[in-house]
file structure.cif (mmCIF, C-alpha atoms and all ligand atoms)
data_upload
#
loop_
_atom_site.label_atom_id
_atom_site.label_comp_id
_atom_site.auth_asym_id
_atom_site.auth_seq_id
_atom_site.Cartn_x
_atom_site.Cartn_y
_atom_site.Cartn_z
CA MET C 211 120.87 30.51 68.00
CA GLY C 212 120.42 26.85 67.08
CA SER C 213 119.92 25.55 63.57
CA PRO C 214 116.68 24.33 62.00
CA PHE C 215 118.70 22.04 59.72
CA LYS C 216 119.92 18.49 60.31
CA ALA C 217 123.54 18.33 61.44
CA ASP C 218 124.67 16.40 58.36
CA ILE C 219 123.27 18.46 55.47
CA VAL C 220 126.71 19.31 54.09
CA LYS C 221 128.49 16.29 55.54
CA GLY C 222 131.71 15.28 53.82
CA LYS C 223 131.93 18.48 51.77
CA VAL C 224 134.95 20.73 51.67
CA ALA C 225 134.31 24.46 51.60
CA LEU C 226 136.78 27.26 50.89
CA ILE C 227 135.62 30.62 52.23
CA THR C 228 137.40 33.85 51.29
CA GLY C 229 137.15 36.44 54.02
CA GLY C 230 136.33 33.49 56.24
CA GLY C 231 138.27 34.80 59.23
CA SER C 232 135.72 37.35 60.41
CA GLY C 233 132.17 38.63 60.11
CA ILE C 234 129.74 36.92 57.76
CA GLY C 235 132.50 34.73 56.30
CA LEU C 236 133.39 33.30 59.71
CA GLU C 237 129.75 32.60 60.56
CA ILE C 238 129.28 30.75 57.26
CA SER C 239 132.48 28.80 58.00
CA THR C 240 131.22 27.90 61.47
CA GLN C 241 127.73 26.87 60.37
CA PHE C 242 129.02 24.85 57.41
CA GLY C 243 131.41 23.13 59.85
CA ARG C 244 128.64 22.48 62.37
CA HIS C 245 126.64 20.82 59.61
CA GLY C 246 129.41 18.43 58.59
CA ALA C 247 131.74 20.29 56.21
CA SER C 248 135.51 20.68 56.42
CA ILE C 249 136.58 24.31 56.19
CA ALA C 250 139.44 26.18 54.54
CA ILE C 251 139.53 29.89 55.11
CA MET C 252 141.46 32.50 53.15
CA GLY C 253 142.28 35.98 54.36
CA ARG C 254 144.91 38.68 54.31
CA ARG C 255 145.73 38.76 58.03
CA MET C 256 147.35 35.61 59.42
CA HIS C 257 146.53 36.38 63.06
CA VAL C 258 142.84 36.69 62.14
CA ILE C 259 142.93 33.42 60.21
CA ASP C 260 144.75 31.64 63.04
CA ALA C 261 142.16 32.76 65.58
CA ALA C 262 139.31 31.66 63.29
CA VAL C 263 140.88 28.24 62.65
CA SER C 264 141.38 27.72 66.40
CA SER C 265 137.77 28.60 67.08
CA LEU C 266 136.55 26.20 64.39
CA ARG C 267 138.79 23.39 65.64
CA SER C 268 137.59 23.96 69.21
CA LEU C 269 134.12 23.03 67.89
CA GLY C 270 135.54 19.81 66.41
CA ILE C 271 135.42 21.19 62.85
CA PRO C 272 138.28 20.12 60.52
CA ALA C 273 139.74 23.48 59.51
CA ALA C 274 142.76 25.01 57.80
CA GLY C 275 143.71 28.61 57.15
CA PHE C 276 145.64 30.12 54.25
CA GLU C 277 146.96 33.62 53.94
CA GLY C 278 146.17 35.32 50.65
CA ASP C 279 144.70 38.32 48.87
CA VAL C 280 141.95 37.63 46.31
CA ARG C 281 143.37 40.49 44.22
CA LYS C 282 146.45 38.40 43.49
CA GLN C 283 145.95 35.56 41.06
CA ASP C 284 148.99 33.68 42.41
CA ASP C 285 147.48 33.80 45.92
CA ALA C 286 144.14 32.55 44.62
CA LYS C 287 145.81 29.68 42.80
CA ARG C 288 148.01 28.75 45.77
CA VAL C 289 145.14 28.78 48.26
CA VAL C 290 142.87 26.68 46.05
CA GLU C 291 145.72 24.18 45.51
CA SER C 292 146.52 24.14 49.25
CA THR C 293 142.89 23.46 50.08
CA PHE C 294 142.86 20.53 47.68
CA GLN C 295 146.18 19.21 49.01
CA HIS C 296 144.92 19.48 52.59
CA PHE C 297 141.44 17.99 52.21
CA GLY C 298 141.67 16.03 48.94
CA ARG C 299 138.74 17.74 47.23
CA LEU C 300 136.81 20.98 46.93
CA ASP C 301 133.01 21.17 46.83
CA ILE C 302 132.06 24.71 47.77
CA LEU C 303 133.67 28.09 47.14
CA VAL C 304 132.23 31.03 49.08
CA ASN C 305 133.40 34.45 47.94
CA ALA C 306 132.87 36.53 51.05
CA ALA C 307 135.96 38.76 50.90
CA ALA C 308 134.95 42.37 50.28
CA GLY C 309 136.13 45.93 50.67
CA ASN C 310 134.03 48.92 51.61
CA PHE C 311 134.02 52.45 52.94
CA LEU C 312 131.63 55.37 52.74
CA VAL C 313 132.71 58.14 50.40
CA PRO C 314 130.97 60.84 48.35
CA SER C 315 131.62 60.10 44.67
CA GLU C 316 133.52 63.33 44.04
CA ASP C 317 135.96 62.47 46.84
CA LEU C 318 136.63 58.95 45.58
CA SER C 319 139.80 58.54 43.53
CA PRO C 320 139.78 56.22 40.53
CA ASN C 321 142.19 54.06 42.48
CA GLY C 322 139.74 53.85 45.39
CA PHE C 323 137.01 52.79 42.94
CA ARG C 324 139.36 50.27 41.33
CA THR C 325 140.45 48.85 44.70
CA VAL C 326 136.92 47.78 45.60
CA MET C 327 136.26 46.50 42.07
CA ASP C 328 139.49 44.49 42.37
CA ILE C 329 138.54 42.90 45.67
CA ASP C 330 134.83 42.29 45.11
CA SER C 331 134.43 41.77 41.36
CA VAL C 332 137.78 40.72 39.94
CA GLY C 333 138.63 38.85 43.15
CA THR C 334 135.41 36.86 42.95
CA PHE C 335 136.03 35.94 39.32
CA THR C 336 139.68 35.06 40.01
CA MET C 337 138.72 32.67 42.79
CA CYS C 338 136.05 31.05 40.59
CA HIS C 339 138.54 30.78 37.74
CA GLU C 340 141.14 29.03 39.91
CA ALA C 341 138.60 26.75 41.63
CA LEU C 342 136.90 25.56 38.46
CA LYS C 343 139.10 22.54 37.86
CA TYR C 344 138.23 21.14 41.32
CA LEU C 345 134.54 22.05 41.27
CA LYS C 346 133.55 20.58 37.94
CA LYS C 347 131.80 17.25 37.75
CA GLY C 348 134.33 14.42 37.70
CA ALA C 349 137.14 16.66 39.06
CA PRO C 350 140.02 15.20 41.07
CA GLY C 351 138.78 13.98 44.45
CA ARG C 352 135.14 13.96 43.34
CA SER C 353 133.66 10.54 42.82
CA SER C 354 131.85 10.14 39.51
CA THR C 355 128.57 9.80 41.38
CA PHE C 356 128.93 13.37 42.68
CA GLY C 357 127.79 16.19 40.47
CA GLY C 358 129.63 19.45 40.25
CA GLY C 359 130.23 21.78 43.19
CA LEU C 360 128.77 25.08 44.29
CA ILE C 361 129.91 28.69 44.18
CA LEU C 362 128.29 31.21 46.51
CA ASN C 363 128.99 34.90 45.97
CA ILE C 364 128.22 37.34 48.77
CA SER C 365 126.72 40.40 47.13
CA ALA C 366 124.56 43.36 48.29
CA THR C 367 121.34 45.17 47.35
CA LEU C 368 122.98 48.59 46.93
CA HIS C 369 122.81 48.54 43.14
CA TYR C 370 119.13 47.51 42.88
CA THR C 371 118.32 51.21 43.13
CA ALA C 372 121.13 53.62 44.00
CA SER C 373 123.00 54.10 47.26
CA TRP C 374 124.48 57.20 48.81
CA TYR C 375 128.28 57.24 49.08
CA GLN C 376 128.58 53.69 47.77
CA ILE C 377 129.22 54.10 44.03
CA HIS C 378 132.27 51.83 44.10
CA VAL C 379 130.58 48.99 46.00
CA SER C 380 127.35 49.32 43.99
CA ALA C 381 129.30 48.97 40.76
CA ALA C 382 131.36 46.11 42.17
CA LYS C 383 128.36 44.13 43.41
CA ALA C 384 126.49 44.67 40.13
CA ALA C 385 129.46 42.99 38.47
CA VAL C 386 129.37 40.19 41.06
CA ASP C 387 125.69 39.52 40.29
CA ALA C 388 126.40 39.45 36.56
CA THR C 389 129.26 37.03 37.23
CA THR C 390 126.93 34.82 39.28
CA ARG C 391 124.38 34.62 36.46
CA ASN C 392 126.86 34.14 33.65
CA LEU C 393 128.81 31.41 35.43
CA ALA C 394 125.55 29.74 36.41
CA LEU C 395 124.66 29.61 32.74
CA GLU C 396 128.02 28.48 31.40
CA TRP C 397 129.34 26.30 34.22
CA GLY C 398 125.91 24.99 35.17
CA THR C 399 125.47 23.75 31.62
CA ASP C 400 129.00 22.54 30.98
CA TYR C 401 130.19 21.36 34.40
CA ASP C 402 127.13 20.85 36.62
CA ILE C 403 128.31 23.62 38.95
CA ARG C 404 125.63 25.72 40.65
CA VAL C 405 126.51 29.38 41.09
CA ASN C 406 124.36 31.47 43.41
CA GLY C 407 124.60 34.60 45.48
CA ILE C 408 123.32 36.04 48.73
CA ALA C 409 122.60 39.75 49.10
CA PRO C 410 122.66 40.58 52.81
CA GLY C 411 121.13 43.69 54.29
CA PRO C 412 122.78 45.36 57.27
CA ILE C 413 124.08 42.61 59.52
CA GLY C 414 124.98 43.26 63.14
CA ASP C 415 128.39 42.69 64.63
CA THR C 416 130.26 42.77 61.30
CA PRO C 417 133.15 44.92 60.00
CA GLY C 418 130.79 46.07 57.22
CA LEU C 419 128.13 47.50 59.54
CA GLY C 420 130.75 49.14 61.74
CA LYS C 421 132.13 50.93 58.68
CA LEU C 422 128.88 51.77 56.89
CA VAL C 423 126.63 52.67 59.82
CA PRO C 424 129.02 53.80 62.54
CA GLU C 425 127.50 54.81 65.87
CA GLU C 426 128.06 58.47 64.98
CA ILE C 427 125.43 58.30 62.22
CA SER C 428 123.17 55.59 63.59
CA GLN C 429 120.16 57.94 63.75
CA THR C 430 119.93 57.27 59.98
CA ARG C 431 118.27 54.01 60.96
CA GLU C 432 115.16 55.72 62.27
CA SER C 433 114.47 57.30 58.89
CA MET C 434 114.34 53.91 57.17
CA PRO C 435 110.91 52.33 57.58
CA LEU C 436 112.00 48.72 57.20
CA TYR C 437 115.34 49.08 58.93
CA LYS C 438 116.23 46.06 60.96
CA VAL C 439 119.68 44.73 61.58
CA GLY C 440 120.00 41.07 60.70
CA GLU C 441 122.28 38.53 62.29
CA LYS C 442 125.23 36.76 60.75
CA TRP C 443 123.25 33.61 61.50
CA ASP C 444 120.56 34.70 58.99
CA ILE C 445 123.12 34.79 56.20
CA ALA C 446 124.75 31.52 57.23
CA MET C 447 121.36 29.73 57.25
CA ALA C 448 120.63 30.99 53.73
CA ALA C 449 124.09 29.78 52.67
CA LEU C 450 123.44 26.36 54.20
CA TYR C 451 120.12 26.08 52.42
CA LEU C 452 121.73 26.92 49.07
CA ALA C 453 124.65 24.55 49.72
CA SER C 454 122.48 21.62 50.78
CA ASP C 455 120.46 19.29 48.60
CA ALA C 456 117.44 21.48 49.35
CA GLY C 457 118.98 24.01 46.97
CA LYS C 458 119.81 21.54 44.19
CA PHE C 459 117.53 23.21 41.62
CA ILE C 460 118.65 26.76 42.44
CA ASN C 461 121.18 28.13 40.00
CA GLY C 462 121.97 31.71 39.02
CA ALA C 463 119.89 33.20 41.83
CA THR C 464 120.96 35.86 44.28
CA MET C 465 118.88 35.49 47.41
CA VAL C 466 118.12 38.75 49.18
CA VAL C 467 118.39 38.33 52.97
CA ASP C 468 117.66 41.80 54.30
CA GLY C 469 114.26 41.65 56.03
CA GLY C 470 112.82 43.57 53.05
CA LEU C 471 114.94 46.66 53.61
CA TRP C 472 115.76 47.34 49.97
CA LEU C 473 112.04 47.73 49.24
CA SER C 474 111.85 50.49 51.80
CA HIS C 475 110.20 53.82 50.93
CA PRO C 476 108.97 56.60 53.17
CA ARG C 477 105.27 56.23 54.02
CA HIS C 478 103.79 59.35 52.41
CA VAL C 479 100.21 58.87 53.66
CA PRO C 480 99.30 57.53 57.12
CA LYS C 481 97.48 54.17 57.13
CA GLU C 482 94.46 55.66 58.98
CA THR C 483 94.01 58.30 56.28
CA VAL C 484 93.96 55.63 53.60
CA ARG C 485 91.43 53.58 55.60
CA GLN C 486 89.16 56.59 55.97
CA LEU C 487 89.41 57.88 52.43
CA SER C 488 89.90 54.93 50.14
CA ARG C 489 86.30 53.72 49.79
CA ALA C 490 84.88 57.27 49.71
CA VAL C 491 87.22 58.17 46.88
CA GLU C 492 86.35 54.96 45.09
CA LYS C 493 82.60 55.64 45.41
CA ARG C 494 83.00 59.23 44.27
CA SER C 495 84.93 58.11 41.26
CA ARG C 496 82.36 55.36 40.42
CA ASP C 497 79.40 57.75 40.76
CA ALA C 498 80.96 60.51 38.71
CA PRO C 499 79.47 61.13 35.29
CA VAL C 500 81.59 59.82 32.44
CA GLY C 501 83.82 62.47 30.89
CA VAL C 502 84.23 64.61 34.03
CA PRO C 503 87.92 65.24 34.53
CA ARG C 504 89.40 63.63 37.68
CA SER C 505 90.39 67.06 38.98
CA LYS C 506 86.71 68.04 39.17
CA LEU C 507 85.69 65.00 41.26
N1 LIG M 601 137.59 57.28 51.54
C1 LIG M 601 138.08 57.57 50.32
N2 LIG M 601 139.04 56.83 49.69
C2 LIG M 601 139.53 55.76 50.37
C3 LIG M 601 139.07 55.39 51.66
C4 LIG M 601 138.06 56.21 52.24
N3 LIG M 601 137.54 55.93 53.45
N4 LIG M 601 139.75 54.29 52.05
C5 LIG M 601 140.60 53.98 51.05
N5 LIG M 601 140.46 54.85 50.03
C6 LIG M 601 141.22 54.89 48.79
C7 LIG M 601 142.66 55.23 49.06
O1 LIG M 601 142.84 56.63 49.20
C8 LIG M 601 143.36 54.65 47.85
O2 LIG M 601 143.22 55.47 46.73
P1 LIG M 601 144.45 56.49 46.27
O3 LIG M 601 145.63 55.62 46.01
O4 LIG M 601 143.92 57.15 45.04
O5 LIG M 601 144.63 57.43 47.41
C9 LIG M 601 142.53 53.42 47.55
O6 LIG M 601 141.26 53.59 48.19
C10 LIG M 601 143.17 52.15 48.10
O7 LIG M 601 143.36 52.33 49.49
P2 LIG M 601 144.38 51.45 50.33
O8 LIG M 601 144.24 51.82 51.77
O9 LIG M 601 145.74 51.55 49.71
O10 LIG M 601 143.84 49.99 50.04
P3 LIG M 601 144.02 48.67 50.85
O11 LIG M 601 144.23 47.62 49.85
O12 LIG M 601 145.02 48.79 51.94
O13 LIG M 601 142.59 48.49 51.58
C11 LIG M 601 140.23 48.87 51.45
C12 LIG M 601 141.45 48.19 50.87
C13 LIG M 601 140.39 50.37 51.29
C14 LIG M 601 138.99 48.39 50.72
C15 LIG M 601 140.11 48.58 52.97
O14 LIG M 601 138.97 49.24 53.44
C16 LIG M 601 140.03 47.11 53.28
O15 LIG M 601 141.03 46.46 53.38
N6 LIG M 601 138.82 46.56 53.43
C17 LIG M 601 138.57 45.15 53.78
C18 LIG M 601 137.69 45.01 54.94
C19 LIG M 601 136.32 45.59 54.71
O16 LIG M 601 136.14 46.63 54.11
N7 LIG M 601 135.34 44.93 55.22
C20 LIG M 601 133.97 45.35 55.06
C21 LIG M 601 133.33 44.55 54.01
S1 LIG M 601 131.63 45.03 53.76
#
call {"tool": "encode", "arguments": {"input": "structure.cif", "output": "structure tokens"}}
result
Amino acid sequence: MGSPFKADIVKGKVALITGGGSGIGLEISTQFGRHGASIAIMGRRMHVIDAAVSSLRSLGIPAAGFEGDVRKQDDAKRVVESTFQHFGRLDILVNAAAGNFLVPSEDLSPNGFRTVMDIDSVGTFTMCHEALKYLKKGAPGRSSTFGGGLILNISATLHYTASWYQIHVSAAKAAVDATTRNLALEWGTDYDIRVNGIAPGPIGDTPGLGKLVPEEISQTRESMPLYKVGEKWDIAMAALYLASDAGKFINGATMVVDGGLWLSHPRHVPKETVRQLSRAVEKRSRDAPVGVPRSKL
């Protein structure tokens, strides 16, 4: 699908995207590149990174790939430094690396819980921590006329209520959202850095959807009234909006991009029944003598 945005809305910016080699991270990388940014991607599997970098370069996008695990502080530091060495500045950090699997809570080991916390929550903070010196206003490579940079954390909606078999990811993304708000407060005030998040719903053609809604259990979808699968494009467009000047007053927000799914509840009463009964019930209640209990109406 094409883009509704002008092709230069992030022109000249340098973006580092963790988990940028596949899924949502790769689509954000591609769309940022198509709208003028240079792209560094970080991931654990070199062959995945190499393929992603080739695909970006084939579109004429300046791109570099760096192997690294966000759970390792040395990797985070090295990749941030390499990005700066390669492109001479850093404007945008997108934390898209994540870990996930379905598991009933009683079958999840503390180490399984910790692994996802380490990737999603601690990994996000570690990347922010290492990138700070290049993102702050007046940082090396940033002209004094530029403000600070942007951090974009990919989150989820799982923890807004509660989610079956996702205790580890719910806890991890709750921590990500808290990190987004706290850094927005502190680094927005002190360094002119905007820190925002995006909470995607189920997005088609991603490793996440393949793991969380495998074909074997896809009938689950029919029981969810607002279930629609989004496209990676939907998330990338939200990211572009937040990264562009259009988002310059948005700080500390996590934008839900899920077609309304997280609001979903079963429809207990059919719409026709409500249409037929609503006014009659209203009239009955208005005409009832004061003091008559509702159960007698
Ligand atoms: N059910 C229950 N526990 C599981 C599990 C599953 N499906 N998969 C992994 N675990 C547990 C392991 O048993 C281990 O705990 P233990 O030592 O107590 O046995 C712990 O999680 C770590 O697993 P391990 O395979 O050693 O971790 P890893 O670092 O190789 O992989 C994962 C990390 C598990 C998060 C892996 O799924 C991954 O790499 N994910 C990245 C890609 C991804 O998930 N993308 C979708 C994003 S939405």
call {"tool": "closest_residue", "arguments": {"input": "structure.cif", "among": "C:Thr334, C:Val304, C:Gly322, C:Ala262", "to": "C:Gln283", "atoms": "only C-alpha atoms"}}
result
C:Thr334
call {"tool": "closest_atom_pairs", "arguments": {"input": "structure.cif", "of": "chain C", "to": "ligand LIG 601 (chain M)", "cutoff": "7 Å", "atoms": "all atoms listed in the file", "output": "tab-separated table"}}
result
residue	atom	partner	partner_atom	distance
C:Ala308	CA	M:LIG601	C21	4.6
C:Gly309	CA	M:LIG601	O16	3.5
C:Asn310	CA	M:LIG601	O16	4.0
C:Phe311	CA	M:LIG601	N3	5.0
C:Leu312	CA	M:LIG601	N3	6.0
C:Val313	CA	M:LIG601	N1	5.1
C:Asp317	CA	M:LIG601	C1	6.4
C:Leu318	CA	M:LIG601	C1	5.1
C:Ser319	CA	M:LIG601	O4	4.6
C:Pro320	CA	M:LIG601	O4	6.2
C:Asn321	CA	M:LIG601	O4	4.4
C:Gly322	CA	M:LIG601	O6	3.2
C:Phe323	CA	M:LIG601	O6	6.8
C:Thr325	CA	M:LIG601	C10	5.5
C:Val326	CA	M:LIG601	C14	5.6
C:Pro417	CA	M:LIG601	C20	5.0
C:Gly418	CA	M:LIG601	S1	3.7
C:Lys421	CA	M:LIG601	C20	6.9
call {"tool": "closest_residue", "arguments": {"input": "structure.cif", "among": "C:Ser213, C:Gln295, C:Thr228, C:Thr371", "to": "C:Asp279", "atoms": "all atoms listed in the file"}}
result
C:Thr228
call {"tool": "closest_residue", "arguments": {"input": "structure.cif", "among": "C:Ala382, C:Ala366, C:Ala463, C:Ala372", "to": "C:Ala394", "atoms": "only C-alpha atoms"}}
result
C:Ala463
call {"tool": "closest_residue", "arguments": {"input": "structure.cif", "among": "C:Pro350, C:Ile251, C:Gly462, C:Val258", "to": "C:Thr399", "atoms": "only C-alpha atoms"}}
result
C:Gly462
call {"tool": "closest_residue", "arguments": {"input": "structure.cif", "among": "C:Gly470, C:Ala453, C:Lys347, C:Asp328", "to": "C:Ala247", "atoms": "all atoms listed in the file"}}
result
C:Ala453
call {"tool": "residues_around", "arguments": {"input": "structure.cif", "residues": "C:Lys287", "least_positions_apart": "5", "cutoff": "12 Å", "atoms": "only C-alpha atoms", "output": "ChimeraX atom specification"}}
result
/C:252,276-282,292-294,333,336-344
call {"tool": "closest_residue", "arguments": {"input": "structure.cif", "among": "C:Ala250, C:Ala449, C:Met256, C:Ile329", "to": "C:Val290", "atoms": "only C-alpha atoms"}}
result
C:Ala250
call {"tool": "closest_atom_pairs", "arguments": {"input": "structure.cif", "of": "stretch 243-308 of chain C", "to": "stretch 359-364 of chain C", "cutoff": "12 Å", "atoms": "only C-alpha atoms", "output": "JSON lines"}}
result
{"residue": "C:Arg299", "atom": "CA", "partner": "C:Gly359", "partner_atom": "CA", "distance": 10.3}
{"residue": "C:Leu300", "atom": "CA", "partner": "C:Gly359", "partner_atom": "CA", "distance": 7.6}
{"residue": "C:Asp301", "atom": "CA", "partner": "C:Gly359", "partner_atom": "CA", "distance": 4.6}
{"residue": "C:Ile302", "atom": "CA", "partner": "C:Leu360", "partner_atom": "CA", "distance": 4.8}
{"residue": "C:Leu303", "atom": "CA", "partner": "C:Ile361", "partner_atom": "CA", "distance": 4.8}
{"residue": "C:Val304", "atom": "CA", "partner": "C:Leu362", "partner_atom": "CA", "distance": 4.7}
{"residue": "C:Asn305", "atom": "CA", "partner": "C:Asn363", "partner_atom": "CA", "distance": 4.9}
{"residue": "C:Ala306", "atom": "CA", "partner": "C:Ile364", "partner_atom": "CA", "distance": 5.2}
{"residue": "C:Ala307", "atom": "CA", "partner": "C:Ile364", "partner_atom": "CA", "distance": 8.2}
{"residue": "C:Ala308", "atom": "CA", "partner": "C:Ile364", "partner_atom": "CA", "distance": 8.5}
call {"tool": "build_atoms", "arguments": {"input": "structure.cif", "residues": "stretch 220-249 of chain C", "atoms": "N, CA and C atoms", "output": "short mmCIF file (atom, residue, chain, number, x, y, z; two decimals), in the frame of the given file"}}
result
data_model
loop_
_atom_site.label_atom_id
_atom_site.label_comp_id
_atom_site.auth_asym_id
_atom_site.auth_seq_id
_atom_site.Cartn_x
_atom_site.Cartn_y
_atom_site.Cartn_z
N VAL C 220 125.58 19.13 55.01
CA VAL C 220 126.71 19.31 54.09
C VAL C 220 127.87 18.38 54.48
N LYS C 221 127.48 17.25 55.05
CA LYS C 221 128.49 16.29 55.54
C LYS C 221 129.43 15.82 54.43
N GLY C 222 130.72 15.79 54.76
CA GLY C 222 131.71 15.28 53.82
C GLY C 222 132.17 16.30 52.79
N LYS C 223 131.53 17.48 52.76
CA LYS C 223 131.93 18.48 51.77
C LYS C 223 133.09 19.32 52.29
N VAL C 224 133.85 19.83 51.34
CA VAL C 224 134.95 20.73 51.67
C VAL C 224 134.63 22.11 51.12
N ALA C 225 134.66 23.10 52.01
CA ALA C 225 134.31 24.46 51.60
C ALA C 225 135.50 25.39 51.80
N LEU C 226 135.76 26.21 50.78
CA LEU C 226 136.78 27.26 50.89
C LEU C 226 136.06 28.61 50.95
N ILE C 227 136.34 29.36 52.01
CA ILE C 227 135.62 30.62 52.23
C ILE C 227 136.63 31.77 52.24
N THR C 228 136.53 32.67 51.26
CA THR C 228 137.40 33.85 51.29
C THR C 228 136.80 34.84 52.28
N GLY C 229 137.65 35.56 52.97
CA GLY C 229 137.15 36.44 54.02
C GLY C 229 136.50 35.64 55.13
N GLY C 230 136.96 34.40 55.27
CA GLY C 230 136.33 33.49 56.24
C GLY C 230 136.80 33.68 57.67
N GLY C 231 137.72 34.62 57.89
CA GLY C 231 138.27 34.80 59.23
C GLY C 231 137.44 35.68 60.14
N SER C 232 136.50 36.43 59.56
CA SER C 232 135.72 37.35 60.41
C SER C 232 134.34 37.58 59.80
N GLY C 233 133.48 38.19 60.58
CA GLY C 233 132.17 38.63 60.11
C GLY C 233 131.32 37.52 59.51
N ILE C 234 130.65 37.86 58.41
CA ILE C 234 129.74 36.92 57.76
C ILE C 234 130.49 35.67 57.30
N GLY C 235 131.71 35.86 56.79
CA GLY C 235 132.50 34.73 56.30
C GLY C 235 132.79 33.72 57.40
N LEU C 236 133.11 34.21 58.59
CA LEU C 236 133.39 33.30 59.71
C LEU C 236 132.12 32.57 60.16
N GLU C 237 131.01 33.26 60.15
CA GLU C 237 129.75 32.60 60.56
C GLU C 237 129.37 31.51 59.55
N ILE C 238 129.55 31.79 58.26
CA ILE C 238 129.28 30.75 57.26
C ILE C 238 130.22 29.57 57.49
N SER C 239 131.50 29.87 57.73
CA SER C 239 132.48 28.80 58.00
C SER C 239 132.02 27.95 59.18
N THR C 240 131.61 28.61 60.25
CA THR C 240 131.22 27.90 61.47
C THR C 240 129.97 27.05 61.23
N GLN C 241 128.98 27.63 60.58
CA GLN C 241 127.73 26.87 60.37
C GLN C 241 127.92 25.73 59.36
N PHE C 242 128.72 25.96 58.33
CA PHE C 242 129.02 24.85 57.41
C PHE C 242 129.72 23.73 58.19
N GLY C 243 130.69 24.12 59.05
CA GLY C 243 131.41 23.13 59.85
C GLY C 243 130.49 22.39 60.80
N ARG C 244 129.58 23.12 61.43
CA ARG C 244 128.64 22.48 62.37
C ARG C 244 127.69 21.53 61.67
N HIS C 245 127.54 21.70 60.36
CA HIS C 245 126.64 20.82 59.61
C HIS C 245 127.43 19.83 58.75
N GLY C 246 128.69 19.57 59.15
CA GLY C 246 129.41 18.43 58.59
C GLY C 246 130.51 18.72 57.60
N ALA C 247 130.72 19.99 57.22
CA ALA C 247 131.74 20.29 56.21
C ALA C 247 133.12 20.48 56.85
N SER C 248 134.15 20.29 56.04
CA SER C 248 135.51 20.68 56.42
C SER C 248 135.75 22.07 55.82
N ILE C 249 136.51 22.89 56.54
CA ILE C 249 136.58 24.31 56.19
C ILE C 249 138.01 24.78 55.93
#
